[in-house]
file coords_15.cif (mmCIF, C-alpha atoms)
data_work
#
loop_
_atom_site.label_atom_id
_atom_site.label_comp_id
_atom_site.auth_asym_id
_atom_site.auth_seq_id
_atom_site.Cartn_x
_atom_site.Cartn_y
_atom_site.Cartn_z
CA MET A 1228 0.00 0.00 0.00
CA ILE A 1229 1.25 3.45 -0.81
CA ASN A 1230 1.27 5.75 2.18
CA LYS A 1231 3.31 8.93 1.77
CA ILE A 1232 1.93 10.44 4.97
CA ALA A 1233 4.75 10.78 7.48
CA ASN A 1234 4.17 10.72 11.23
CA SER A 1235 6.62 13.52 11.92
CA ILE A 1236 8.46 16.29 10.14
CA ALA A 1237 11.77 14.50 10.78
CA GLN A 1238 10.44 11.34 9.14
CA ALA A 1239 9.05 13.29 6.20
CA ILE A 1240 12.35 15.05 5.52
CA GLY A 1241 14.59 12.06 6.21
CA PRO A 1242 18.37 12.31 6.29
CA VAL A 1243 19.89 15.32 4.51
CA ALA A 1244 23.55 15.13 3.45
CA ASP A 1245 25.89 18.08 3.93
CA GLY A 1246 26.29 19.97 0.68
CA SER A 1247 22.76 19.17 -0.51
CA THR A 1248 20.79 21.51 -2.75
CA VAL A 1249 17.44 22.33 -1.16
CA MET A 1250 14.53 24.11 -2.83
CA VAL A 1251 12.21 25.99 -0.51
CA GLY A 1252 8.82 27.13 -1.81
CA GLY A 1253 7.31 30.50 -1.12
CA PHE A 1254 7.18 34.05 -2.38
CA GLY A 1255 7.74 36.49 0.45
CA THR A 1256 6.06 34.76 3.39
CA ALA A 1257 3.24 33.15 1.36
CA GLY A 1258 3.93 29.47 0.79
CA ILE A 1259 7.07 29.31 2.94
CA PRO A 1260 7.00 25.88 4.62
CA GLY A 1261 8.25 27.23 7.94
CA GLU A 1262 7.81 23.96 9.87
CA LEU A 1263 9.78 22.03 7.23
CA VAL A 1264 12.57 24.61 7.23
CA ASP A 1265 12.76 24.25 11.02
CA GLY A 1266 12.93 20.50 10.45
CA LEU A 1267 15.78 21.01 7.99
CA ILE A 1268 17.66 23.03 10.63
CA GLU A 1269 17.18 20.14 13.07
CA THR A 1270 18.80 17.66 10.65
CA GLY A 1271 22.04 19.57 11.23
CA ALA A 1272 22.83 19.50 7.49
CA LYS A 1273 25.28 22.21 6.49
CA GLU A 1274 27.04 23.67 3.44
CA LEU A 1275 23.62 23.77 1.79
CA THR A 1276 22.71 25.45 -1.47
CA VAL A 1277 19.24 26.93 -1.08
CA ILE A 1278 16.91 27.87 -3.93
CA ASN A 1279 14.04 30.22 -3.07
CA ASN A 1280 12.63 33.35 -4.67
CA ASN A 1281 13.82 35.51 -1.79
CA ALA A 1282 16.40 35.16 0.95
CA GLY A 1283 14.34 35.11 4.11
CA ASN A 1284 12.12 37.54 5.97
CA GLY A 1285 12.60 38.58 9.59
CA ASP A 1286 14.32 35.98 11.79
CA THR A 1287 12.23 32.87 11.20
CA GLY A 1288 11.97 30.23 8.46
CA LEU A 1289 14.59 30.68 5.78
CA ALA A 1290 16.20 33.54 7.73
CA ALA A 1291 16.65 31.17 10.71
CA LEU A 1292 18.35 28.61 8.43
CA LEU A 1293 20.71 31.31 7.17
CA LYS A 1294 21.31 32.59 10.69
CA ALA A 1295 22.20 29.06 11.84
CA GLY A 1296 25.09 29.19 9.35
CA ARG A 1297 23.93 26.17 7.34
CA VAL A 1298 23.83 27.78 3.93
CA LYS A 1299 26.86 28.39 1.72
CA LYS A 1300 25.02 29.56 -1.37
CA ILE A 1301 21.62 30.96 -2.19
CA ILE A 1302 20.08 31.02 -5.66
CA CYS A 1303 17.24 33.52 -5.83
CA SER A 1304 15.77 36.48 -7.71
CA PHE A 1305 15.02 39.03 -5.00
CA PRO A 1306 17.11 38.83 -1.83
CA ARG A 1307 16.87 42.49 -0.83
CA GLN A 1308 13.75 43.24 1.18
CA THR A 1309 12.92 45.57 4.04
CA ASP A 1310 13.24 42.67 6.50
CA SER A 1311 16.08 40.62 4.95
CA HIS A 1312 18.64 41.76 7.55
CA VAL A 1313 19.92 38.21 8.20
CA PHE A 1314 20.76 37.72 4.53
CA ASP A 1315 22.08 41.28 4.16
CA ASP A 1316 24.61 40.86 6.99
CA LEU A 1317 25.85 37.45 5.79
CA TYR A 1318 26.14 38.64 2.19
CA ARG A 1319 27.94 41.86 3.10
CA SER A 1320 30.42 39.97 5.30
CA GLY A 1321 31.14 37.55 2.45
CA LYS A 1322 29.81 34.50 4.29
CA LEU A 1323 27.16 33.69 1.73
CA GLU A 1324 27.46 33.19 -2.01
CA LEU A 1325 24.62 34.61 -4.11
CA GLU A 1326 23.52 33.57 -7.59
CA LEU A 1327 21.00 36.16 -8.73
CA VAL A 1328 18.59 34.88 -11.39
CA PRO A 1329 15.70 36.74 -13.06
CA GLN A 1330 12.52 35.36 -11.53
CA GLY A 1331 11.12 33.84 -14.70
CA ASN A 1332 14.44 32.18 -15.53
CA LEU A 1333 14.62 30.84 -11.97
CA THR A 1334 11.12 29.46 -12.42
CA GLU A 1335 11.77 27.93 -15.82
CA ARG A 1336 15.07 26.41 -14.69
CA ILE A 1337 13.20 24.69 -11.87
CA ARG A 1338 10.44 23.55 -14.21
CA ALA A 1339 13.01 22.34 -16.77
CA ALA A 1340 14.68 20.17 -14.14
CA GLY A 1341 11.36 18.58 -13.24
CA ALA A 1342 10.45 18.10 -16.89
CA GLY A 1343 13.75 16.55 -17.98
CA ILE A 1344 14.78 19.43 -20.24
CA GLY A 1345 18.54 19.65 -20.83
CA ALA A 1346 18.66 23.44 -21.22
CA PHE A 1347 16.54 26.12 -22.86
CA PHE A 1348 16.89 29.42 -24.68
CA THR A 1349 15.15 32.37 -23.01
CA PRO A 1350 14.95 36.04 -24.05
CA THR A 1351 15.01 37.23 -20.44
CA GLY A 1352 18.32 38.69 -19.36
CA PHE A 1353 19.85 38.93 -22.83
CA GLY A 1354 22.32 41.81 -23.01
CA THR A 1355 22.31 42.36 -19.24
CA ASP A 1356 24.76 41.76 -16.39
CA LEU A 1357 22.86 38.55 -15.60
CA ALA A 1358 23.82 36.97 -18.95
CA PHE A 1359 27.12 35.82 -17.42
CA HIS A 1360 28.16 32.71 -15.50
CA ALA A 1361 29.67 33.06 -12.02
CA ASP A 1362 33.16 32.65 -13.54
CA GLY A 1363 32.54 35.72 -15.70
CA LEU A 1364 32.11 33.85 -18.96
CA GLU A 1365 29.22 34.99 -21.11
CA LYS A 1366 26.27 32.63 -21.33
CA GLU A 1367 25.72 31.02 -24.72
CA THR A 1368 23.43 33.08 -26.95
CA ARG A 1369 21.48 32.38 -30.12
CA VAL A 1370 19.35 34.33 -32.55
CA ILE A 1371 16.09 32.50 -33.26
CA ASP A 1372 13.61 34.08 -35.70
CA GLY A 1373 15.43 37.38 -35.30
CA LYS A 1374 15.14 37.43 -31.50
CA HIS A 1375 18.04 37.17 -29.07
CA PHE A 1376 18.12 34.38 -26.49
CA ILE A 1377 20.48 33.11 -23.80
CA LEU A 1378 20.98 29.49 -22.82
CA GLU A 1379 19.94 28.59 -19.29
CA TYR A 1380 20.38 25.24 -17.55
CA PRO A 1381 17.98 23.44 -15.23
CA LEU A 1382 18.14 23.67 -11.45
CA HIS A 1383 17.83 20.28 -9.76
CA ALA A 1384 17.42 19.75 -6.03
CA ASP A 1385 18.24 16.90 -3.68
CA LEU A 1386 15.32 17.99 -1.54
CA SER A 1387 12.31 20.23 -2.14
CA LEU A 1388 10.30 21.59 0.77
CA ILE A 1389 6.91 23.02 -0.11
CA LYS A 1390 3.76 24.16 1.65
CA ALA A 1391 0.45 22.84 0.38
CA GLU A 1392 -3.11 22.97 1.68
CA SER A 1393 -4.60 19.45 1.44
CA GLY A 1394 -3.11 16.12 0.56
CA ASP A 1395 -3.91 12.42 0.51
CA ARG A 1396 -1.82 9.30 1.08
CA TRP A 1397 -0.87 9.11 -2.61
CA GLY A 1398 0.65 12.60 -2.32
CA ASN A 1399 -1.94 14.48 -4.39
CA LEU A 1400 -1.92 18.14 -3.36
CA THR A 1401 -3.98 21.29 -3.46
CA PHE A 1402 -2.66 24.72 -2.55
CA ARG A 1403 -4.08 27.90 -1.03
CA LYS A 1404 -4.37 31.14 -3.01
CA ALA A 1405 -1.06 32.82 -3.94
CA ALA A 1406 0.80 30.50 -1.56
CA ARG A 1407 0.85 28.06 -4.51
CA ASN A 1408 3.64 30.04 -6.24
CA PHE A 1409 6.72 27.75 -6.52
CA GLY A 1410 5.15 24.66 -4.89
CA PRO A 1411 4.08 22.68 -7.98
CA ILE A 1412 7.33 23.19 -9.94
CA MET A 1413 9.62 22.61 -6.95
CA ALA A 1414 7.74 19.37 -6.21
CA MET A 1415 8.70 18.25 -9.74
CA ALA A 1416 12.36 19.27 -9.47
CA GLY A 1417 13.36 17.57 -6.21
CA LYS A 1418 14.87 14.09 -5.97
CA ARG A 1419 12.90 14.00 -2.74
CA SER A 1420 9.95 16.36 -2.40
CA VAL A 1421 8.24 16.94 0.91
CA ALA A 1422 5.02 18.88 1.41
CA SER A 1423 3.46 20.21 4.58
CA VAL A 1424 -0.34 20.19 4.49
CA HIS A 1425 -3.01 21.45 6.84
CA ASP A 1426 -5.58 18.81 5.91
CA ILE A 1427 -5.05 15.14 5.22
CA VAL A 1428 -7.98 13.69 3.33
CA GLU A 1429 -9.07 10.26 2.07
CA LEU A 1430 -8.18 9.15 -1.44
CA GLY A 1431 -10.86 10.47 -3.77
CA ALA A 1432 -11.82 13.34 -1.48
CA ILE A 1433 -9.99 15.83 -3.66
CA ASP A 1434 -11.88 16.21 -6.94
CA PRO A 1435 -9.46 14.84 -9.58
CA GLU A 1436 -10.21 17.99 -11.61
CA HIS A 1437 -8.86 20.07 -8.71
CA ILE A 1438 -5.64 18.22 -7.92
CA VAL A 1439 -2.88 20.75 -8.63
CA THR A 1440 0.16 18.54 -7.99
CA PRO A 1441 -0.36 14.84 -8.77
CA GLY A 1442 1.17 12.53 -6.18
CA ILE A 1443 3.87 11.24 -8.53
CA PHE A 1444 5.85 14.43 -7.78
CA VAL A 1445 5.58 14.08 -3.99
CA SER A 1446 7.73 11.78 -1.83
CA ALA A 1447 6.20 12.51 1.57
CA LEU A 1448 3.70 14.80 3.23
CA VAL A 1449 3.19 15.75 6.82
CA GLN A 1450 0.35 17.49 8.59
CA VAL A 1451 1.09 20.76 10.38
CA PRO A 1452 -1.31 23.00 12.34
CA ARG A 1453 -2.96 25.81 10.42
CA LEU A 1454 -1.54 29.17 11.41
CA ALA A 1455 -2.41 32.41 9.67
CA THR A 1456 0.42 33.44 7.33
CA GLN A 1457 2.18 36.51 8.71
CA GLY A 1458 2.94 39.36 6.34
CA GLY A 1459 6.52 40.28 5.54
CA GLY A 1460 8.83 41.76 2.95
CA PHE A 1461 7.21 45.17 2.73
CA LYS A 1462 7.33 48.46 4.50
CA VAL A 1463 4.57 48.82 7.08
CA ALA A 1464 2.65 52.05 6.50
CA PRO A 1465 3.15 54.46 9.44
CA MET B 158 3.74 80.70 -17.58
CA THR B 159 4.81 78.30 -14.87
CA MET B 160 5.06 74.65 -15.81
CA LEU B 161 2.25 72.55 -14.30
CA ARG B 162 3.88 69.23 -13.47
CA ARG B 163 1.67 66.18 -13.15
CA SER B 164 1.19 64.95 -9.58
CA LYS B 165 1.61 61.19 -9.02
CA ASP B 166 -2.15 60.74 -9.33
CA GLN B 167 -2.35 62.90 -12.46
CA LEU B 168 0.46 60.86 -13.98
CA ALA B 169 -1.36 57.64 -13.06
CA ARG B 170 -4.51 59.03 -14.71
CA ARG B 171 -2.51 59.90 -17.84
CA VAL B 172 -1.18 56.32 -18.08
CA ALA B 173 -4.62 54.85 -17.37
CA GLN B 174 -6.11 56.91 -20.26
CA ASP B 175 -4.09 54.84 -22.74
CA MET B 176 -5.27 51.46 -21.39
CA PHE B 177 -7.85 49.64 -23.50
CA ASP B 178 -10.86 47.53 -22.66
CA GLY B 179 -9.97 43.87 -22.14
CA ALA B 180 -6.25 44.45 -21.64
CA TYR B 181 -4.23 42.08 -19.46
CA VAL B 182 -1.95 44.35 -17.46
CA ASN B 183 0.86 43.99 -14.94
CA LEU B 184 1.53 47.04 -12.78
CA GLY B 185 5.04 47.12 -11.30
CA ILE B 186 5.82 47.79 -7.66
CA GLY B 187 5.65 51.42 -6.53
CA MET B 188 4.14 54.27 -8.54
CA PRO B 189 2.65 52.03 -11.29
CA THR B 190 0.24 50.47 -8.76
CA LEU B 191 -1.56 53.88 -8.65
CA VAL B 192 -2.75 53.34 -12.23
CA ALA B 193 -5.38 50.87 -10.97
CA ASN B 194 -7.11 53.74 -9.12
CA HIS B 195 -7.56 55.85 -12.25
CA LEU B 196 -8.96 53.58 -14.96
CA PRO B 197 -11.47 55.32 -17.20
CA ASN B 198 -15.13 54.41 -16.62
CA GLY B 199 -16.49 51.70 -18.83
CA ILE B 200 -13.28 49.80 -19.48
CA GLU B 201 -12.39 46.54 -17.86
CA ILE B 202 -8.79 45.46 -17.53
CA ILE B 203 -7.46 42.33 -15.84
CA LEU B 204 -4.50 42.80 -13.52
CA GLN B 205 -1.85 40.10 -13.35
CA SER B 206 0.43 39.71 -10.36
CA GLU B 207 3.66 37.79 -10.98
CA ASN B 208 3.29 35.64 -7.86
CA GLY B 209 0.30 33.90 -9.40
CA LEU B 210 -2.87 36.00 -9.70
CA LEU B 211 -5.08 37.12 -12.56
CA GLY B 212 -7.99 39.38 -11.73
CA MET B 213 -6.25 41.01 -8.80
CA GLY B 214 -8.48 43.37 -6.82
CA PRO B 215 -7.75 46.21 -4.39
CA ALA B 216 -6.37 45.90 -0.86
CA PRO B 217 -8.81 44.40 1.65
CA PRO B 218 -10.19 46.48 4.52
CA LYS B 219 -7.81 46.70 7.48
CA GLY B 220 -8.17 43.61 9.62
CA ASP B 221 -9.25 41.40 6.68
CA GLU B 222 -5.75 40.82 5.31
CA ASP B 223 -4.92 37.26 4.21
CA PHE B 224 -1.18 37.03 3.64
CA ASP B 225 -1.61 33.98 1.42
CA LEU B 226 -3.22 36.46 -1.00
CA ILE B 227 -0.58 39.07 -1.75
CA ASN B 228 0.75 41.08 -4.68
CA ALA B 229 4.30 41.26 -6.05
CA GLY B 230 5.12 43.83 -3.35
CA LYS B 231 4.01 41.22 -0.77
CA GLN B 232 1.09 43.38 0.36
CA ALA B 233 -2.34 41.90 1.01
CA VAL B 234 -4.74 42.19 -1.94
CA THR B 235 -8.04 40.64 -3.01
CA LEU B 236 -9.15 38.55 -5.98
CA LEU B 237 -12.07 39.69 -8.11
CA PRO B 238 -14.86 37.28 -9.11
CA GLY B 239 -13.48 35.43 -12.14
CA GLY B 240 -9.92 35.73 -10.88
CA ALA B 241 -7.53 32.79 -10.96
CA TYR B 242 -4.55 31.41 -9.05
CA PHE B 243 -1.69 29.64 -10.83
CA HIS B 244 1.89 28.58 -10.22
CA HIS B 245 5.00 30.55 -11.08
CA ALA B 246 5.85 28.74 -14.32
CA ASP B 247 2.42 29.66 -15.71
CA SER B 248 2.78 33.21 -14.42
CA PHE B 249 6.07 33.78 -16.21
CA ALA B 250 4.80 31.98 -19.32
CA MET B 251 2.14 34.71 -19.42
CA MET B 252 4.93 37.30 -19.59
CA ARG B 253 7.54 35.57 -21.70
CA GLY B 254 4.94 34.06 -23.99
CA GLY B 255 3.63 37.49 -24.96
CA HIS B 256 0.20 37.04 -23.38
CA LEU B 257 0.31 40.22 -21.29
CA ASP B 258 -0.78 43.26 -23.25
CA ILE B 259 0.85 45.94 -21.12
CA CYS B 260 3.22 46.17 -18.21
CA VAL B 261 3.93 49.45 -16.47
CA LEU B 262 7.26 49.71 -14.69
CA GLY B 263 9.27 52.29 -12.80
CA ALA B 264 12.79 53.08 -14.01
CA PHE B 265 16.16 54.58 -13.10
CA GLN B 266 16.86 55.34 -16.77
CA VAL B 267 15.30 54.74 -20.18
CA SER B 268 17.13 55.35 -23.45
CA VAL B 269 15.62 56.97 -26.52
CA HIS B 270 15.62 53.54 -28.19
CA GLY B 271 13.76 51.94 -25.28
CA ASP B 272 16.62 50.34 -23.36
CA LEU B 273 15.53 50.04 -19.74
CA ALA B 274 17.57 50.24 -16.53
CA ASN B 275 15.41 49.67 -13.46
CA TRP B 276 16.93 46.90 -11.33
CA SER B 277 20.33 48.08 -10.16
CA THR B 278 22.24 51.30 -9.82
CA GLY B 279 25.44 49.27 -10.05
CA GLU B 280 26.83 50.58 -6.76
CA PRO B 281 29.46 48.15 -5.49
CA ASP B 282 28.05 47.79 -1.95
CA ALA B 283 24.40 47.49 -3.01
CA ILE B 284 22.65 44.15 -2.63
CA PRO B 285 21.37 43.23 -6.07
CA ALA B 286 17.76 42.13 -6.57
CA VAL B 287 16.04 41.69 -9.91
CA GLY B 288 12.77 39.81 -9.32
CA GLY B 289 10.53 39.69 -12.37
CA ALA B 290 11.66 43.00 -13.91
CA MET B 291 13.62 41.47 -16.80
CA ASP B 292 10.89 38.96 -17.62
CA LEU B 293 8.20 41.64 -17.64
CA ALA B 294 10.22 44.15 -19.61
CA THR B 295 11.11 41.75 -22.40
CA GLY B 296 7.95 39.65 -22.33
CA ALA B 297 4.93 41.95 -22.31
CA LYS B 298 3.56 43.04 -25.69
CA GLN B 299 4.03 46.66 -24.60
CA THR B 300 6.27 47.88 -21.79
CA TRP B 301 5.50 51.35 -20.51
CA VAL B 302 7.61 53.26 -18.04
CA MET B 303 6.12 55.64 -15.51
CA MET B 304 8.48 57.91 -13.59
CA ASP B 305 9.51 61.47 -12.82
CA LEU B 306 11.49 62.88 -15.73
CA LEU B 307 14.28 64.23 -13.53
CA THR B 308 16.28 62.80 -10.67
CA LYS B 309 16.33 64.65 -7.35
CA GLN B 310 19.53 66.27 -8.66
CA GLY B 311 17.65 67.54 -11.73
CA VAL B 312 19.22 65.15 -14.24
CA SER B 313 17.03 63.62 -16.96
CA LYS B 314 16.29 59.91 -16.51
CA VAL B 315 15.45 59.73 -20.21
CA VAL B 316 18.88 59.42 -21.81
CA GLN B 317 20.56 58.73 -25.12
CA ALA B 318 22.26 55.64 -23.66
CA CYS B 319 21.74 54.10 -20.21
CA THR B 320 24.69 54.19 -17.82
CA TYR B 321 23.05 51.95 -15.20
CA PRO B 322 22.96 48.16 -15.68
CA LEU B 323 20.32 47.21 -18.25
CA THR B 324 17.09 45.35 -17.54
CA GLY B 325 16.32 44.85 -21.23
CA ILE B 326 17.29 46.14 -24.65
CA ALA B 327 14.85 48.17 -26.79
CA CYS B 328 11.94 46.89 -24.72
CA VAL B 329 10.20 50.14 -23.68
CA LYS B 330 7.54 51.49 -26.03
CA ARG B 331 6.33 54.50 -24.07
CA ILE B 332 7.60 56.70 -21.27
CA TYR B 333 5.12 58.65 -19.15
CA THR B 334 6.60 61.30 -16.88
CA ASP B 335 5.48 64.21 -14.73
CA MET B 336 6.40 66.64 -17.54
CA ALA B 337 5.88 64.82 -20.84
CA SER B 338 5.07 61.51 -22.51
CA PHE B 339 7.26 59.94 -25.17
CA GLU B 340 7.35 57.07 -27.63
CA CYS B 341 10.67 55.20 -28.03
CA THR B 342 11.52 54.28 -31.61
CA ALA B 343 14.50 52.83 -33.45
CA ASP B 344 15.20 56.34 -34.79
CA GLY B 345 14.91 58.11 -31.45
CA LEU B 346 12.44 59.70 -29.09
CA VAL B 347 9.07 61.02 -30.26
CA LEU B 348 7.13 63.48 -28.10
CA ILE B 349 3.52 62.43 -27.42
CA ASP B 350 2.48 65.24 -25.11
CA MET B 351 3.81 67.68 -22.52
CA VAL B 352 2.31 69.62 -19.64
CA ASP B 353 1.11 73.19 -19.95
CA GLY B 354 3.75 75.83 -19.43
CA LEU B 355 6.58 73.76 -20.88
CA THR B 356 7.98 74.41 -24.34
CA ARG B 357 9.63 71.90 -26.63
CA GLY B 358 12.85 73.88 -26.37
CA GLU B 359 12.79 73.86 -22.57
CA LEU B 360 12.09 70.14 -22.59
CA GLU B 361 15.00 69.49 -24.96
CA SER B 362 17.32 71.50 -22.76
CA LEU B 363 16.30 69.36 -19.75
CA LEU B 364 16.80 66.19 -21.80
CA LYS B 365 20.11 67.52 -23.22
CA PHE B 366 19.25 66.11 -26.67
CA LYS B 367 16.85 66.82 -29.54
CA LEU B 368 13.51 65.10 -29.92
CA LEU B 369 12.59 63.67 -33.33
#

call {"tool": "encode", "arguments": {"input": "coords_15.cif", "output": "structure tokens"}}
result
Amino acid sequence: MINKIANSIAQAIGPVADGSTVMVGGFGTAGIPGELVDGLIETGAKELTVINNNAGNGDTGLAALLKAGRVKKIICSFPRQTDSHVFDDLYRSGKLELELVPQGNLTERIRAAGAGIGAFFTPTGFGTDLAFHADGLEKETRVIDGKHFILEYPLHADLSLIKAESGDRWGNLTFRKAARNFGPIMAMAGKRSVASVHDIVELGAIDPEHIVTPGIFVSALVQVPRLATQGGGFKVAP
Amino acid sequence: MTMLRRSKDQLARRVAQDMFDGAYVNLGIGMPTLVANHLPNGIEIILQSENGLLGMGPAPPKGDEDFDLINAGKQAVTLLPGGAYFHHADSFAMMRGGHLDICVLGAFQVSVHGDLANWSTGEPDAIPAVGGAMDLATGAKQTWVMMDLLTKQGVSKVVQACTYPLTGIACVKRIYTDMASFECTADGLVLIDMVDGLTRGELESLLKFKLL
């Protein structure tokens, strides 16, 4: 019998090797799987490469992982936010490597990994400072139908941590509002993909027409209490 | 006659005037979000938010915020009836795939040929952040810029060639500013309109180059 429902966060995540690449869902604070990130901290894994859209808000979740000194590199599109002080300090003191990727290229690189694409040509970033590899070499370019493109490679992960809304024992998932963001594509791109859910339901309880992530992309899911998502990443009006 | 500069709201109204019924529109963070407040009566546009919303509505009343329902600036918003949620790969396919009719962005500099610089001032100690700016600028059918014409130091942000790091090449079609509106073309900058009290000559001396 297939049962992807784990009894604990530790069981859901399993062992994480030092040096692993970990994708963490979320845009700002929406869709950040805070409980799973805390579970990742508890594994003690270090020298991690983390892929997320941002680089942590406040002092919890991803910011706590950074603060614990477990991350050597972050791949993201928008690290600088009003409450990204943990990242800012680590980056400025040279303790954290940053690969900055335009958001749509980040997204498509994640999707490409999950879809088995070897590389793809994208117009985004052509002719800009982000059309270069970390070693300073220019990314491969091509003119297709008169338009300029750069070659981008997929981003694979050893582990993907995502926040979903409901799930069943086969791993089928639904999401909540804009907290969906990176969840479905990160689930596809991880060798092991773990989802936190608020509701665990019987097989068949989710209308097959409404399943957003089919269970084939999910390795384990674990139930966590429903807490209202806290805002973050913006200036609070005086 | 004294020049009557457009206020932020007047500028937003000017941009909104050029929207068309049925347009799919992405409004960038900051000043462009004001455009939503000034749409002409009788036209319906659908706002896209890069984090996965179509049919984005205004901010909820204080106390009703749901931070799973936010805009690209991470602020709480609402979804209109008929609105949809989707994941990031679909959201950026909407941009890159040319499905968005218009995006309105802020800018540090725009060149006469429509090169855009709006993500980095290139200062060595600055923390870089790009987000969806490059995808929007190169992907939307029309990219419009909305900004003050001059910096706080009085230097034109519309330039012959950008000195700040580029967001995209020849991607801006129109520039709306507090003093004048322009169309970027392969040949150079075309004046669309300017505020009362400003002459073409005065405008050119602020720009430090000739309009077409």

call {"tool": "interface_residues", "arguments": {"input": "coords_15.cif", "of": "chain B", "to": "chain A", "cutoff": "6 Å", "atoms": "all atoms listed in the file", "output": "PyMOL selection string"}}
result
chain B and resi 208-209+224-226+244-246+249+286-289+291-292+323

call {"tool": "atom_distance", "arguments": {"input": "coords_15.cif", "atom1": "CA of Asn1284 in chain A", "atom2": "CA of Val1424 in chain A"}}
result
21.4 Å

call {"tool": "atom_distance", "arguments": {"input": "coords_15.cif", "atom1": "CA of Asn1279 in chain A", "atom2": "CA of Val1249 in chain A"}}
result
8.8 Å

call {"tool": "residues_near_point", "arguments": {"input": "coords_15.cif", "point": "(-5.8, 51.4, -13.7)", "cutoff": "8 Å", "atoms": "all atoms listed in the file", "output": "number ranges by chain"}}
result
B: 169-170, 173, 176, 190-197, 202

call {"tool": "closest_residue", "arguments": {"input": "coords_15.cif", "among": "B:Met303, B:Leu257, B:Ala318, B:Leu236", "to": "Ile186 in chain B", "atoms": "all atoms listed in the file"}}
result
B:Met303

call {"tool": "atom_distance", "arguments": {"input": "coords_15.cif", "atom1": "CA of Ala1342 in chain A", "atom2": "CA of Ile1377 in chain A"}}
result
19.3 Å

call {"tool": "resolve_selection", "arguments": {"input": "coords_15.cif", "expression": "the PyMOL selection byres ((chain B and resi 161) around 6)", "output": "number ranges by chain"}}
result
B: 160, 162, 353

call {"tool": "closest_residue", "arguments": {"input": "coords_15.cif", "among": "A:Ile1236, A:Leu1293, A:Ala1244, A:Met1250", "to": "Gly1266 in chain A", "atoms": "all atoms listed in the file"}}
result
A:Ile1236

call {"tool": "resolve_selection", "arguments": {"input": "coords_15.cif", "expression": "the PyMOL selection byres ((chain B and resi 330) around 6)", "output": "PyMOL selection string"}}
result
chain B and resi 300-301+329+331+340-341

call {"tool": "residues_around", "arguments": {"input": "coords_15.cif", "residues": "Phe1444 in chain A", "least_positions_apart": "5", "cutoff": "9 Å", "atoms": "all atoms listed in the file", "output": "list of chain:residue names"}}
result
A:Gly1341, A:Gly1398, A:Asn1399, A:Pro1411, A:Ala1414, A:Met1415, A:Ala1416, A:Gly1417, A:Arg1419, A:Ser1420

call {"tool": "resolve_selection", "arguments": {"input": "coords_15.cif", "expression": "the PyMOL selection byres ((chain A and resi 1242) around 12)", "output": "NGL selection string"}}
result
:A and (1236-1241 or 1243-1245 or 1247 or 1266-1272 or 1385-1386 or 1419)
